[in-house]
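Chemist: Starting off with a structure, shown below.
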Amino acid sequence: MSDVRVRIAPSPSGNLHVGTARTALFNFLYAKKTGGKFILRIEDTDAERTSQAYIDNIFDSLKALGLNWDEGPDVGGEYGPYTQSERFDIYPKYVQKLLDDGFAYECFCTPEELEAEKEEATKNKKPYVYSKRCENLTDEQKEQFRKEGRKPAIRFSIKKAQEAFYDNPVIHFTDMVKGDLHQDTSLIGDFVIMKSNGSPTYNFAVVIDDMLMKISHIIRGEDHISNTFKQILIYKALGAEVPEFGHLGMILAPDRSKLSKRHGATAVSEFVEKGYLTDALLNFVALLGWAPADGVEIRTVDEIAKDFNIHELSASNSIFEYDKLNWMNSQYIKKLSTEDLKERLKPFLTKYDLSELNDEQYTRMINATREPLTILSDITDAVPYFFGEDVEIDEEAQTKVLDTDTAQDVLKTFVDMAEDWEWTEENLHQKLEDFRTMYKEKGVKAKVTMWAIRAAVTGRTCGADMVQILMVIGKDKTMKRAKKAIK
RNA sequence: GCUCCCAUCGUCUAGAGGCCUAGGACACUUCCCUUUCACGGAGGCGACGGCGAUUCGAAUUCGCCUGGGAGUACCA
């Protein structure tokens, strides 16, 4: 078996999409599993839509996901350059070869003429297939067009290629995930491989690049299936070895439409900004189409790679549901060390003055509030009461708790007694327990007792463990807030 | 319109003729734990799109229908 070489070839017309990330992951896994190479190629032939910011975003996102490439624009490699726009000078040679071998021809049709053909086809409810009117132009006719100032595009002759390599116009290939796939080539129009401005089209450039980069397996979205037939014909016409193909189902939004901006985040970087961990995102996206044999869903890329088999991927589309991603993210957050979490949470705490807390207090706050975090940004609204002298009392805490006679009584007693308490974790734990017991004997439920203190000190009816809160806030602030809540 | 792909709980999936009164995970829900929220633990709800065919036997094979998705550019 020849060396496995797979690639991810994003087009920098946007930030790295989660769908692209999943495709990259499956390629990466395949390379890892087979000991092959994973290559990154930037397909920026459409200068109009390309921007450096997007290229940077693609690099950064892929790196953040840990999908490191063996060859690519930045790291180089034997078969560079790995940026398509830097490869423009190598395509004409292959166009010429196709021209010489009769697999391609010049087309002088104007956009208007092409448009008219298309309209005619739709009017007659016929599928549009290029008329091939330029396939057998005489030299005189070509000369005439050139005199008119027309510049030719180069089209690939589907029929010539088909007849040269297949007995039947219906051609087949075996897809690694979908199995036998077929297409009637007579329905494929002679597509342009080189635009009149001299730049190659996608279908041509990919083949040349994949061929020259010795890509052995092409794993990509199923939206490329129709391209695959065209590309196979080009490989054949060029006398090149046709790689293996594997087409993945698409990722759809919950409404079954294409995952787009209106559904929320679509780019990996957007998920990160929202507080998703790249490991969780990658793990989640791996499960869209792949299932672990042992049922253990939370696993690292290495663990996935061990059991990964491209032939076991699901052939169908899958829907991107936040519920499971959220759950997975919370699981990954739980596994983070305190030190790690402390750092990762800082970007989401910028609205607070962290200098109010020393390291011990900050650590304590994080440990006390980390449990319910689904995404890192949840921390923002979970900790306001740890900062500032006073707290904002929310409505529920005020009316349902602080306004009650019981709460007022509890607070008065608390203020009296706590004045003498030694402010250590162990002691507070004991004192509060005794406090609850005392009230329980008066017929006040433990949680009602605690609610009063919590409402006064945090302004809320729920939150982190009270002992931890008191430890972080300190005795002075606690007493101050408690007194303030007493009417 | 035409072509191609796909089709198991709401979602992600296991299942490659009898092991399936269809398994797991998320979500939802009940209970337990508990100073609140949560976490955790134990349960529950919940699916083979329809119709034919093959077979002693079909979620698993075949056909048709239906539904969903994709492609149909001198975009990638």
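Going by the structure tokens order, chains are called A, B, ..., each with residues numbered from 1, while ligands are numbered from 1 in the order shown.
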Just list the residues in range 95-324 of chain A DSSP gives strand (DSSP E) on the backbone, as a VMD selection string.
Modeler: chain A and resid 104 to 107 153 to 156 170 to 175 179 to 184 192 to 194 217 to 221 244 to 248 251 to 252 318 to 319
Chemist: Within 12 Å of A53 in chain B, counting only C-alpha atoms (C1' of nucleotides), which residues qualify if same-chain residues fewer than 6 places away don't, as a list in words?
Modeler: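 Near A53 in chain B, the qualifying residues are U61, C62, G63 and C64 of chain B.
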Chemist: Take the residues from that selection and put them in a file with N, CA, C and O atoms (P, O5', C5', C4', C3', O3' and C1' of nucleotides), as a CSV table (one decimal), in the first residue's frame.
Modeler:
```csv
chain,number,residue,atom,x,y,z
B,61,U,P,-30.0,-4.0,4.3
B,61,U,O5',-30.4,-5.2,3.4
B,61,U,C5',-29.3,-6.0,2.8
B,61,U,C4',-29.9,-6.8,1.7
B,61,U,C3',-30.8,-6.0,0.7
B,61,U,O3',-29.9,-5.3,-0.3
B,61,U,C1',-31.9,-7.9,1.3
B,62,C,P,-30.4,-3.9,-0.9
B,62,C,O5',-31.6,-4.4,-1.9
B,62,C,C5',-31.3,-5.2,-3.0
B,62,C,C4',-32.5,-5.5,-3.8
B,62,C,C3',-33.4,-4.3,-4.1
B,62,C,O3',-32.9,-3.6,-5.3
B,62,C,C1',-34.8,-6.0,-3.2
B,63,G,P,-33.2,-2.1,-5.4
B,63,G,O5',-34.8,-2.0,-5.8
B,63,G,C5',-35.2,-2.6,-7.0
B,63,G,C4',-36.7,-2.4,-7.1
B,63,G,C3',-37.2,-1.0,-6.9
B,63,G,O3',-37.2,-0.2,-8.0
B,63,G,C1',-38.5,-2.6,-5.6
B,64,C,P,-37.1,1.3,-7.9
B,64,C,O5',-38.6,1.7,-7.5
B,64,C,C5',-39.7,1.6,-8.4
B,64,C,C4',-41.0,1.8,-7.7
B,64,C,C3',-41.1,3.2,-7.0
B,64,C,O3',-41.5,4.2,-7.9
B,64,C,C1',-41.8,1.4,-5.5
```
Chemist: Distance limit 7 Å, atoms considered: only C-alpha atoms (C1' of nucleotides). Which chain A residues sit that close to chain B? Return them as a VMD selection string.
Modeler: chain A and resid 11 125 to 127 153 192 195 to 196 202 223 226 287 to 288 291 295 315 to 316 321 323 to 324 371 to 372 446 to 447 450 to 451 461 to 463
Chemist: Contacts of Leu376 in chain A at 10 Å or less, counting only C-alpha atoms (C1' of nucleotides), minus same-chain residues fewer than 5 places along, as a ChimeraX atom specification?
Modeler: /A:272-277,329-330,333,341,344-349,370
Chemist: Nearest residue to Asn27 in chain A out of A:Ile8, A:Ala286, A:Val467, A:Leu187, using only C-alpha atoms?
Modeler: A:Ile8
Chemist: Show which residues sit within 12 Å of range 306-313 of chain A, as a ChimeraX atom specification. Count only C-alpha atoms (C1' of nucleotides), and ignore same-chain residues fewer than 3 positions away.
Modeler: /A:23,25-35,174-179,217-220,244-249,286-297,299-303,316-318 /B:13-14,16
Chemist: Find the distance between CA of Asp139 in chain A and CA of Leu99 in chain A and write it in Å to one decimal.
Modeler: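 CA of Leu99 in chain A lies at a distance of 14.1 Å from CA of Asp139 in chain A.
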Chemist: Given the choices B:C51, B:C28, B:A42, B:C33, which gets closest to U66 in chain B if the distance is worked out from only C-alpha atoms (C1' of nucleotides)?
Modeler: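 Ranked by minimum distance to U66 in chain B, first place goes to B:C51.
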Chemist: As an NGL selection string, which residues of range 112-253 of chain A does DSSP assign to helix (DSSP H, G or I)?
Modeler: :A and (112-123 or 139-147 or 158-165 or 185-187 or 202-212 or 222-237)
Chemist: Emit the selected residues as a PDB file, in the first residue's frame, including C-alpha atoms.
Modeler:
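Dumped everything to part29.pdb:
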```pdb
ATOM      1  CA  GLU A 112     -24.465  36.421 -22.561  1.00  0.00           C
ATOM      2  CA  GLU A 113     -24.477  33.484 -24.949  1.00  0.00           C
ATOM      3  CA  LEU A 114     -24.100  31.063 -22.082  1.00  0.00           C
ATOM      4  CA  GLU A 115     -26.867  32.781 -20.209  1.00  0.00           C
ATOM      5  CA  ALA A 116     -29.133  32.435 -23.206  1.00  0.00           C
ATOM      6  CA  GLU A 117     -28.425  28.697 -23.392  1.00  0.00           C
ATOM      7  CA  LYS A 118     -29.341  28.325 -19.771  1.00  0.00           C
ATOM      8  CA  GLU A 119     -32.560  30.263 -20.132  1.00  0.00           C
ATOM      9  CA  GLU A 120     -33.499  28.196 -23.121  1.00  0.00           C
ATOM     10  CA  ALA A 121     -32.957  25.045 -21.114  1.00  0.00           C
ATOM     11  CA  THR A 122     -35.015  26.150 -18.136  1.00  0.00           C
ATOM     12  CA  LYS A 123     -37.752  27.374 -20.460  1.00  0.00           C
ATOM     13  CA  ASP A 139      -8.906  27.490 -36.867  1.00  0.00           C
ATOM     14  CA  GLU A 140     -10.506  30.191 -38.969  1.00  0.00           C
ATOM     15  CA  GLN A 141     -13.417  30.529 -36.599  1.00  0.00           C
ATOM     16  CA  LYS A 142     -11.095  30.711 -33.626  1.00  0.00           C
ATOM     17  CA  GLU A 143      -9.046  33.320 -35.412  1.00  0.00           C
ATOM     18  CA  GLN A 144     -12.170  35.298 -36.118  1.00  0.00           C
ATOM     19  CA  PHE A 145     -13.140  35.280 -32.435  1.00  0.00           C
ATOM     20  CA  ARG A 146      -9.673  36.353 -31.433  1.00  0.00           C
ATOM     21  CA  LYS A 147      -9.861  39.243 -33.858  1.00  0.00           C
ATOM     22  CA  ILE A 158     -16.524  14.953 -20.779  1.00  0.00           C
ATOM     23  CA  LYS A 159     -17.469  12.686 -23.610  1.00  0.00           C
ATOM     24  CA  LYS A 160     -13.938  12.291 -24.942  1.00  0.00           C
ATOM     25  CA  ALA A 161     -12.686  11.311 -21.550  1.00  0.00           C
ATOM     26  CA  GLN A 162     -15.571   8.996 -20.881  1.00  0.00           C
ATOM     27  CA  GLU A 163     -15.179   7.195 -24.169  1.00  0.00           C
ATOM     28  CA  ALA A 164     -11.451   6.895 -23.702  1.00  0.00           C
ATOM     29  CA  PHE A 165     -11.688   5.229 -20.324  1.00  0.00           C
ATOM     30  CA  THR A 185     -21.664  11.486 -17.646  1.00  0.00           C
ATOM     31  CA  SER A 186     -23.835  12.539 -20.563  1.00  0.00           C
ATOM     32  CA  LEU A 187     -25.618  14.756 -18.085  1.00  0.00           C
ATOM     33  CA  TYR A 202     -11.784  24.826  -8.664  1.00  0.00           C
ATOM     34  CA  ASN A 203     -12.410  21.438 -10.241  1.00  0.00           C
ATOM     35  CA  PHE A 204      -9.230  21.648 -12.227  1.00  0.00           C
ATOM     36  CA  ALA A 205      -6.964  23.196  -9.628  1.00  0.00           C
ATOM     37  CA  VAL A 206      -7.894  20.614  -7.000  1.00  0.00           C
ATOM     38  CA  VAL A 207      -7.067  17.748  -9.268  1.00  0.00           C
ATOM     39  CA  ILE A 208      -3.723  19.197 -10.253  1.00  0.00           C
ATOM     40  CA  ASP A 209      -2.854  20.052  -6.672  1.00  0.00           C
ATOM     41  CA  ASP A 210      -4.023  16.749  -5.247  1.00  0.00           C
ATOM     42  CA  MET A 211      -2.177  14.900  -7.965  1.00  0.00           C
ATOM     43  CA  LEU A 212       1.042  16.844  -7.531  1.00  0.00           C
ATOM     44  CA  GLU A 222     -20.899  15.002   0.250  1.00  0.00           C
ATOM     45  CA  ASP A 223     -21.577  18.325  -1.425  1.00  0.00           C
ATOM     46  CA  HIS A 224     -18.569  17.379  -3.546  1.00  0.00           C
ATOM     47  CA  ILE A 225     -19.954  14.112  -4.904  1.00  0.00           C
ATOM     48  CA  SER A 226     -20.934  15.607  -8.225  1.00  0.00           C
ATOM     49  CA  ASN A 227     -17.481  17.175  -8.514  1.00  0.00           C
ATOM     50  CA  THR A 228     -15.866  13.826  -7.928  1.00  0.00           C
ATOM     51  CA  PHE A 229     -17.058  12.416 -11.231  1.00  0.00           C
ATOM     52  CA  LYS A 230     -15.626  15.388 -13.086  1.00  0.00           C
ATOM     53  CA  GLN A 231     -12.382  15.125 -11.185  1.00  0.00           C
ATOM     54  CA  ILE A 232     -12.006  11.406 -11.786  1.00  0.00           C
ATOM     55  CA  LEU A 233     -12.300  12.057 -15.507  1.00  0.00           C
ATOM     56  CA  ILE A 234      -9.572  14.694 -15.284  1.00  0.00           C
ATOM     57  CA  TYR A 235      -7.254  12.337 -13.396  1.00  0.00           C
ATOM     58  CA  LYS A 236      -7.799   9.731 -16.089  1.00  0.00           C
ATOM     59  CA  ALA A 237      -7.274  12.194 -18.912  1.00  0.00           C
TER      60      ALA A 237
END
```
Chemist: So which one's closest to U8 in chain B, B:G67, B:G57, B:G49, B:G44? Using only C-alpha atoms (C1' of nucleotides), please.
Modeler: B:G49
